[in-house]
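Have a look at entry26.csv; it's CSV, C-alpha atoms:
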```csv
chain,number,residue,atom,x,y,z
A,1,MET,CA,137.8,140.1,93.2
A,2,THR,CA,137.2,136.4,93.8
A,3,THR,CA,134.2,135.4,95.7
A,4,ALA,CA,134.1,132.4,98.1
A,5,ILE,CA,130.9,130.4,97.5
A,6,GLU,CA,130.1,127.1,99.2
A,7,VAL,CA,128.6,124.5,96.9
A,8,ARG,CA,126.9,121.4,98.3
A,9,ILE,CA,127.2,118.4,96.1
A,10,PRO,CA,124.7,115.6,95.9
A,11,THR,CA,125.8,112.0,96.1
A,12,ILE,CA,125.3,111.4,92.4
A,13,LEU,CA,127.8,114.1,91.4
A,14,ARG,CA,130.5,113.3,94.1
A,15,PRO,CA,132.5,111.1,91.7
A,16,PHE,CA,133.4,114.4,90.0
A,17,THR,CA,134.5,116.0,93.3
A,18,LYS,CA,136.5,113.1,94.6
A,19,GLU,CA,133.6,112.4,97.1
A,20,GLN,CA,133.7,115.8,98.7
A,21,LYS,CA,130.2,116.8,99.8
A,22,VAL,CA,131.0,120.5,100.0
A,23,VAL,CA,133.3,122.4,97.7
A,24,ALA,CA,134.3,126.0,97.2
A,25,ALA,CA,133.8,127.9,93.9
A,26,SER,CA,133.8,131.5,92.7
A,27,GLY,CA,131.7,133.6,90.4
A,28,GLU,CA,129.2,136.4,90.4
A,29,THR,CA,126.4,134.6,88.7
A,30,LEU,CA,125.3,131.0,88.9
A,31,SER,CA,126.5,130.5,85.4
A,32,ALA,CA,130.0,131.7,86.3
A,33,VAL,CA,130.0,129.4,89.4
A,34,ILE,CA,129.1,126.4,87.3
A,35,ALA,CA,131.9,127.3,84.8
A,36,ASP,CA,134.3,127.6,87.8
A,37,LEU,CA,133.1,124.2,89.1
A,38,ASP,CA,133.8,122.7,85.7
A,39,VAL,CA,137.4,124.0,85.7
A,40,GLN,CA,137.9,122.4,89.1
A,41,TYR,CA,136.0,119.2,88.5
A,42,PRO,CA,135.9,118.6,84.7
A,43,GLY,CA,132.7,117.2,83.3
A,44,ILE,CA,130.5,118.3,86.2
A,45,SER,CA,128.8,121.1,84.2
A,46,GLU,CA,127.6,118.7,81.6
A,47,ARG,CA,125.5,117.1,84.3
A,48,LEU,CA,124.0,120.5,85.2
A,49,LEU,CA,123.5,122.0,81.8
A,50,GLU,CA,122.1,121.0,78.5
A,51,ASN,CA,122.4,123.3,75.4
A,52,GLY,CA,123.4,126.1,77.7
A,53,ALA,CA,120.4,125.8,80.0
A,54,LEU,CA,119.9,124.2,83.4
A,55,ARG,CA,118.8,120.6,83.1
A,56,ARG,CA,115.2,119.8,84.1
A,57,PHE,CA,116.2,117.0,86.5
A,58,ILE,CA,118.4,119.1,88.7
A,59,ASN,CA,117.4,121.6,91.3
A,60,LEU,CA,119.7,124.4,92.4
A,61,TYR,CA,119.2,126.7,95.3
A,62,VAL,CA,121.1,129.8,96.4
A,63,ASN,CA,120.7,130.2,100.1
A,64,ASP,CA,117.7,127.9,100.1
A,65,GLU,CA,115.9,129.7,97.3
A,66,ASP,CA,115.2,127.8,94.1
A,67,VAL,CA,117.2,129.5,91.4
A,68,ARG,CA,114.2,129.3,89.1
A,69,PHE,CA,112.9,132.3,91.1
A,70,LEU,CA,116.2,134.1,91.1
A,71,GLY,CA,116.9,134.4,87.4
A,72,GLY,CA,118.1,130.9,86.7
A,73,LEU,CA,121.7,130.9,85.3
A,74,ASP,CA,121.8,134.7,85.7
A,75,ALA,CA,121.0,134.4,89.4
A,76,PRO,CA,123.5,136.7,91.2
A,77,VAL,CA,125.8,135.1,93.8
A,78,LYS,CA,128.1,136.8,96.3
A,79,SER,CA,130.8,135.8,98.7
A,80,GLY,CA,129.4,133.8,101.6
A,81,ASP,CA,126.4,132.5,99.6
A,82,SER,CA,125.7,128.8,99.7
A,83,ILE,CA,124.5,126.8,96.7
A,84,THR,CA,122.8,123.4,97.0
A,85,ILE,CA,122.5,121.0,94.1
A,86,LEU,CA,119.8,118.3,94.4
A,87,PRO,CA,118.6,115.9,91.8
A,88,ALA,CA,114.9,116.1,91.3
A,89,VAL,CA,112.9,113.2,92.7
A,90,ALA,CA,110.3,112.6,90.1
A,91,GLY,CA,109.1,110.0,87.6
A,92,GLY,CA,106.0,108.7,85.9
B,1,MET,CA,120.6,92.9,96.6
B,2,THR,CA,117.6,92.9,98.8
B,3,LEU,CA,115.2,95.4,100.1
B,4,LYS,CA,114.5,94.6,103.8
B,5,ILE,CA,111.2,96.2,104.8
B,6,SER,CA,108.5,95.9,107.4
B,7,GLN,CA,105.0,94.8,106.7
B,8,ALA,CA,103.8,97.9,108.4
B,9,HIS,CA,105.6,100.1,106.0
B,10,ILE,CA,104.3,98.1,103.0
B,11,ASP,CA,100.7,98.4,104.4
B,12,ALA,CA,101.2,102.2,104.8
B,13,MET,CA,102.5,102.7,101.3
B,14,LEU,CA,99.7,100.6,99.8
B,15,ALA,CA,97.1,102.5,101.8
B,16,GLN,CA,98.6,105.8,100.7
B,17,SER,CA,98.6,104.6,97.0
B,18,ARG,CA,94.9,103.6,97.2
B,19,ALA,CA,94.0,106.9,99.0
B,20,GLU,CA,95.7,109.1,96.4
B,21,TYR,CA,94.4,107.2,93.4
B,22,PRO,CA,93.9,108.3,90.7
B,23,ASP,CA,97.0,110.3,91.2
B,24,GLU,CA,100.4,108.8,91.7
B,25,ALA,CA,101.4,108.6,95.4
B,26,CYS,CA,105.0,109.0,96.4
B,27,GLY,CA,107.3,109.3,99.4
B,28,VAL,CA,110.5,108.1,101.0
B,29,ILE,CA,111.7,105.9,103.8
B,30,LEU,CA,114.7,107.2,105.7
B,31,GLY,CA,117.2,105.5,107.9
B,32,PRO,CA,120.6,106.0,109.6
B,33,ILE,CA,123.4,106.8,107.2
B,34,GLY,CA,125.2,103.8,105.9
B,35,LYS,CA,123.0,101.1,107.4
B,36,ASP,CA,120.6,100.4,104.5
B,37,HIS,CA,117.9,100.3,107.2
B,38,ALA,CA,114.4,101.5,106.2
B,39,MET,CA,113.2,103.0,109.4
B,40,ARG,CA,111.2,106.2,109.0
B,41,LEU,CA,108.4,106.4,106.5
B,42,LYS,CA,107.7,109.9,105.1
B,43,PRO,CA,105.0,110.2,102.5
B,44,MET,CA,105.6,113.2,100.2
B,45,ILE,CA,103.2,115.4,98.3
B,46,ASN,CA,103.0,114.7,94.6
B,47,ALA,CA,103.4,118.2,93.4
B,48,ALA,CA,102.4,117.2,89.9
B,49,HIS,CA,99.0,115.8,91.2
B,50,SER,CA,98.9,113.5,88.1
B,51,PRO,CA,97.9,109.9,87.3
B,52,THR,CA,101.0,109.6,85.1
B,53,PHE,CA,103.7,111.7,86.8
B,54,TYR,CA,105.0,112.4,90.2
B,55,GLU,CA,107.5,114.9,91.6
B,56,PHE,CA,108.6,116.3,94.9
B,57,ASP,CA,108.1,120.0,95.0
B,58,PRO,CA,111.7,121.5,94.9
B,59,LYS,CA,111.0,123.3,98.2
B,60,ASP,CA,109.8,120.1,99.9
B,61,LEU,CA,112.9,118.3,98.5
B,62,LEU,CA,115.2,120.9,100.0
B,63,SER,CA,113.4,120.6,103.4
B,64,LEU,CA,113.7,116.9,103.2
B,65,TYR,CA,117.5,117.0,102.7
B,66,ARG,CA,117.9,119.6,105.5
B,67,GLU,CA,115.9,117.3,107.7
B,68,ILE,CA,118.0,114.2,107.0
B,69,ASP,CA,121.2,116.2,107.4
B,70,GLU,CA,120.1,117.2,110.8
B,71,ASN,CA,119.2,113.6,111.7
B,72,ASP,CA,122.2,111.9,110.1
B,73,GLU,CA,119.8,110.0,108.0
B,74,GLU,CA,119.9,109.0,104.3
B,75,ILE,CA,117.2,108.2,101.8
B,76,VAL,CA,116.8,104.4,101.8
B,77,VAL,CA,113.7,104.0,99.7
B,78,ILE,CA,112.0,106.2,97.2
B,79,TYR,CA,108.6,104.9,96.3
B,80,HIS,CA,105.7,105.8,94.0
B,81,SER,CA,102.7,104.2,92.6
B,82,HIS,CA,101.7,103.4,89.0
B,83,THR,CA,98.0,103.8,88.7
B,84,GLU,CA,97.4,102.1,85.3
B,85,THR,CA,100.6,100.3,84.5
B,86,GLU,CA,102.7,97.6,86.0
B,87,ALA,CA,105.1,98.1,89.0
B,88,TYR,CA,108.2,98.5,86.8
B,89,PRO,CA,110.3,101.6,86.3
B,90,SER,CA,109.2,103.6,83.3
B,91,ARG,CA,111.7,105.4,81.0
B,92,THR,CA,110.8,108.6,83.0
B,93,ASP,CA,111.5,106.9,86.3
B,94,ILE,CA,114.9,105.7,85.0
B,95,ALA,CA,115.7,109.1,83.5
B,96,TYR,CA,115.0,110.9,86.8
B,97,ALA,CA,116.6,108.3,89.1
B,98,GLY,CA,119.2,110.6,90.9
B,99,GLU,CA,119.8,108.7,94.1
B,100,PRO,CA,122.2,105.9,93.2
B,101,GLY,CA,122.1,104.5,96.8
B,102,ALA,CA,118.3,104.2,97.1
B,103,HIS,CA,115.9,101.3,96.6
B,104,TYR,CA,113.3,102.4,94.1
B,105,VAL,CA,109.9,100.9,95.1
B,106,LEU,CA,107.1,100.7,92.6
B,107,ILE,CA,103.5,100.0,93.6
B,108,SER,CA,100.9,99.2,91.0
B,109,THR,CA,97.2,99.8,91.8
B,110,ARG,CA,96.0,99.2,88.2
B,111,GLU,CA,92.3,98.2,87.7
B,112,GLU,CA,93.0,94.9,86.0
B,113,ILE,CA,94.6,93.4,89.1
B,114,ALA,CA,92.4,95.1,91.7
B,115,PRO,CA,91.9,94.6,94.5
B,116,ALA,CA,95.4,93.0,94.5
B,117,THR,CA,98.3,95.4,94.2
B,118,GLU,CA,101.9,94.8,93.0
B,119,PHE,CA,104.9,95.8,95.2
B,120,ARG,CA,108.4,95.5,93.7
B,121,SER,CA,111.8,97.0,94.4
B,122,TYR,CA,114.7,98.0,92.1
B,123,ARG,CA,118.1,99.6,92.1
B,124,ILE,CA,118.5,102.1,89.3
B,125,ILE,CA,122.1,103.0,88.7
B,126,ASP,CA,123.5,104.8,85.7
B,127,GLY,CA,120.3,104.1,83.8
B,128,VAL,CA,120.4,100.4,84.5
B,129,VAL,CA,117.4,98.8,86.3
B,130,THR,CA,118.0,95.7,88.5
B,131,GLU,CA,115.1,94.2,90.3
B,132,GLU,CA,115.8,93.0,93.8
B,133,GLU,CA,114.2,90.7,96.3
B,134,VAL,CA,111.9,92.1,98.9
B,135,SER,CA,112.4,90.6,102.3
B,136,ILE,CA,109.5,91.4,104.7
B,137,SER,CA,109.8,91.5,108.4
B,138,GLU,CA,106.7,91.7,110.6
```
Once you've parsed the file, please lay out its structure as structure tokens.
Amino acid sequence: MTTAIEVRIPTILRPFTKEQKVVAASGETLSAVIADLDVQYPGISERLLENGALRRFINLYVNDEDVRFLGGLDAPVKSGDSITILPAVAGG
Amino acid sequence: MTLKISQAHIDAMLAQSRAEYPDEACGVILGPIGKDHAMRLKPMINAAHSPTFYEFDPKDLLSLYREIDENDEEIVVIYHSHTETEAYPSRTDIAYAGEPGAHYVLISTREEIAPATEFRSYRIIDGVVTEEEVSISE
């Protein structure tokens, strides 16, 4: 059964999605959704993952909850959920 | 490229940087989408509370984006202070620069130039730093 998940794309990743701000993806975990995004928009997962883990500089939220508190890449997602991707604002 | 900014905003950012010393101070200036107009100053909490690092708490970051979405605003300026080093983007600043459309403002409050401070602005796109002119309106 495919799930319909809304993914909100930050400016810096819109070159991958042909400037679309919101796209649809499917999957039952965050990991699966990212894999699906990469099928649709090749190269995007490399901006989100490094050595199979979520990159430090990127924040992901499922329904406004930071995925770090939902199990990270194993965070479950279901149809109707909304994922937001935001680059961290940080520096030194 | 130029950063157009008001003296009032500069004064507020300098005051915030001094007040939060020895930690790095940080924040944004927002404006209507597509206008490159720095209108609304919004200091942010440095969740790292560090003299050498700053970061917006991920929850604050999400709230900020929801807010600007509601208001049809965009982030025009992202600013932070360097407490002991010059007002130039560090390797960390460059690595984290995730808003290609923003003006990155650096403020230095380092001892050796006190009480003077340094205020400079940059574009950071694809890892490349380009300093830009700062044009101050009253």
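Residue nearest chain B within the list A:Asn63, A:Asn51, A:Gln20, A:Thr11: A:Thr11 [criterion: smallest interatomic distance, all atoms listed in the file].
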Any idea which chain A residues end up within 9 Å of chain B if we count all atoms listed in the file, as a PDB file with C-alpha atoms, in the coordinates of the input please?
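Dumped to result.pdb:
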```pdb
ATOM      1  CA  PRO A  10     124.700 115.600  95.900  1.00  0.00           C
ATOM      2  CA  THR A  11     125.800 112.000  96.100  1.00  0.00           C
ATOM      3  CA  ILE A  12     125.300 111.400  92.400  1.00  0.00           C
ATOM      4  CA  PHE A  57     116.200 117.000  86.500  1.00  0.00           C
ATOM      5  CA  ILE A  58     118.400 119.100  88.700  1.00  0.00           C
ATOM      6  CA  ASN A  59     117.400 121.600  91.300  1.00  0.00           C
ATOM      7  CA  LEU A  60     119.700 124.400  92.400  1.00  0.00           C
ATOM      8  CA  TYR A  61     119.200 126.700  95.300  1.00  0.00           C
ATOM      9  CA  ASP A  64     117.700 127.900 100.100  1.00  0.00           C
ATOM     10  CA  GLU A  65     115.900 129.700  97.300  1.00  0.00           C
ATOM     11  CA  ASP A  66     115.200 127.800  94.100  1.00  0.00           C
ATOM     12  CA  THR A  84     122.800 123.400  97.000  1.00  0.00           C
ATOM     13  CA  LEU A  86     119.800 118.300  94.400  1.00  0.00           C
ATOM     14  CA  PRO A  87     118.600 115.900  91.800  1.00  0.00           C
ATOM     15  CA  ALA A  88     114.900 116.100  91.300  1.00  0.00           C
ATOM     16  CA  VAL A  89     112.900 113.200  92.700  1.00  0.00           C
ATOM     17  CA  ALA A  90     110.300 112.600  90.100  1.00  0.00           C
ATOM     18  CA  GLY A  91     109.100 110.000  87.600  1.00  0.00           C
ATOM     19  CA  GLY A  92     106.000 108.700  85.900  1.00  0.00           C
TER      20      GLY A  92
END
```
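Distance-wise, CA of Leu37 in chain A and CA of Val128 in chain B end up 27.4 Å apart.
Comparing B:Ile45, B:Met39, B:Arg110, B:Glu67 by their smallest distance to Tyr21 in chain B, the closest is B:Arg110 (using all atoms listed in the file).
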Point-to-point distance from CA of Ile136 in chain B to CA of Ile113 in chain B, Å rounded to tenths: 21.7 Å
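Each of B:Lys35, B:Arg18, B:Lys4, B:His49 was checked against Thr117 in chain B using all atoms listed in the file; the smallest atom-to-atom distance is that of B:Arg18.
Applying the 10 Å criterion to (115.3, 105.8, 107.8) in file coordinates and using only C-alpha atoms, one obtains the residues B:Val28, B:Ile29, B:Leu30, B:Gly31, B:Pro32, B:Ile33, B:Lys35, B:Asp36, B:His37, B:Ala38, B:Met39, B:Arg40, B:Leu41, B:Lys42, B:Ile68, B:Asn71, B:Asp72, B:Glu73, B:Glu74, B:Ile75, B:Val76, B:Val77.
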Output C-alpha atoms for every residue in the selection just made, as a PDB file, in the coordinates of the input.
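Result file is out_9.pdb:
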```
ATOM      1  CA  VAL B  28     110.500 108.100 101.000  1.00  0.00           C
ATOM      2  CA  ILE B  29     111.700 105.900 103.800  1.00  0.00           C
ATOM      3  CA  LEU B  30     114.700 107.200 105.700  1.00  0.00           C
ATOM      4  CA  GLY B  31     117.200 105.500 107.900  1.00  0.00           C
ATOM      5  CA  PRO B  32     120.600 106.000 109.600  1.00  0.00           C
ATOM      6  CA  ILE B  33     123.400 106.800 107.200  1.00  0.00           C
ATOM      7  CA  LYS B  35     123.000 101.100 107.400  1.00  0.00           C
ATOM      8  CA  ASP B  36     120.600 100.400 104.500  1.00  0.00           C
ATOM      9  CA  HIS B  37     117.900 100.300 107.200  1.00  0.00           C
ATOM     10  CA  ALA B  38     114.400 101.500 106.200  1.00  0.00           C
ATOM     11  CA  MET B  39     113.200 103.000 109.400  1.00  0.00           C
ATOM     12  CA  ARG B  40     111.200 106.200 109.000  1.00  0.00           C
ATOM     13  CA  LEU B  41     108.400 106.400 106.500  1.00  0.00           C
ATOM     14  CA  LYS B  42     107.700 109.900 105.100  1.00  0.00           C
ATOM     15  CA  ILE B  68     118.000 114.200 107.000  1.00  0.00           C
ATOM     16  CA  ASN B  71     119.200 113.600 111.700  1.00  0.00           C
ATOM     17  CA  ASP B  72     122.200 111.900 110.100  1.00  0.00           C
ATOM     18  CA  GLU B  73     119.800 110.000 108.000  1.00  0.00           C
ATOM     19  CA  GLU B  74     119.900 109.000 104.300  1.00  0.00           C
ATOM     20  CA  ILE B  75     117.200 108.200 101.800  1.00  0.00           C
ATOM     21  CA  VAL B  76     116.800 104.400 101.800  1.00  0.00           C
ATOM     22  CA  VAL B  77     113.700 104.000  99.700  1.00  0.00           C
TER      23      VAL B  77
END
```
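Here CA of Leu106 in chain B stands at a distance of 28.3 Å from CA of Leu54 in chain A.
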Hey, what's within 12 Å of Gly52 in chain A if we count all atoms listed in the file and toss same-chain stuff fewer than 2 positions away? As a ChimeraX atom specification, please? /A:31,34-35,45-50,54-55,72-74
Output of the above residues as a PDB file, keeping the file's coordinate frame, restricted to C-alpha atoms:
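Contents of part_32.pdb, as written:
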```
ATOM      1  CA  SER A  31     126.500 130.500  85.400  1.00  0.00           C
ATOM      2  CA  ILE A  34     129.100 126.400  87.300  1.00  0.00           C
ATOM      3  CA  ALA A  35     131.900 127.300  84.800  1.00  0.00           C
ATOM      4  CA  SER A  45     128.800 121.100  84.200  1.00  0.00           C
ATOM      5  CA  GLU A  46     127.600 118.700  81.600  1.00  0.00           C
ATOM      6  CA  ARG A  47     125.500 117.100  84.300  1.00  0.00           C
ATOM      7  CA  LEU A  48     124.000 120.500  85.200  1.00  0.00           C
ATOM      8  CA  LEU A  49     123.500 122.000  81.800  1.00  0.00           C
ATOM      9  CA  GLU A  50     122.100 121.000  78.500  1.00  0.00           C
ATOM     10  CA  LEU A  54     119.900 124.200  83.400  1.00  0.00           C
ATOM     11  CA  ARG A  55     118.800 120.600  83.100  1.00  0.00           C
ATOM     12  CA  GLY A  72     118.100 130.900  86.700  1.00  0.00           C
ATOM     13  CA  LEU A  73     121.700 130.900  85.300  1.00  0.00           C
ATOM     14  CA  ASP A  74     121.800 134.700  85.700  1.00  0.00           C
TER      15      ASP A  74
END
```
Would you kindly return, as a VMD selection string, each protein, DNA or RNA residue with an atom no farther than 12 Å from any atom of Pro42 in chain A, considering only C-alpha atoms and excluding same-chain residues fewer than 6 positions away? chain A and resid 13 15 to 18 34 to 36
Those residues with C-alpha atoms, as a compact mmCIF listing (two decimals), keeping the file's coordinate frame please?
```txt
# COMPACT_ATOMS: atom_id res chain seq x y z
CA LEU A 13 127.80 114.10 91.40
CA PRO A 15 132.50 111.10 91.70
CA PHE A 16 133.40 114.40 90.00
CA THR A 17 134.50 116.00 93.30
CA LYS A 18 136.50 113.10 94.60
CA ILE A 34 129.10 126.40 87.30
CA ALA A 35 131.90 127.30 84.80
CA ASP A 36 134.30 127.60 87.80
```
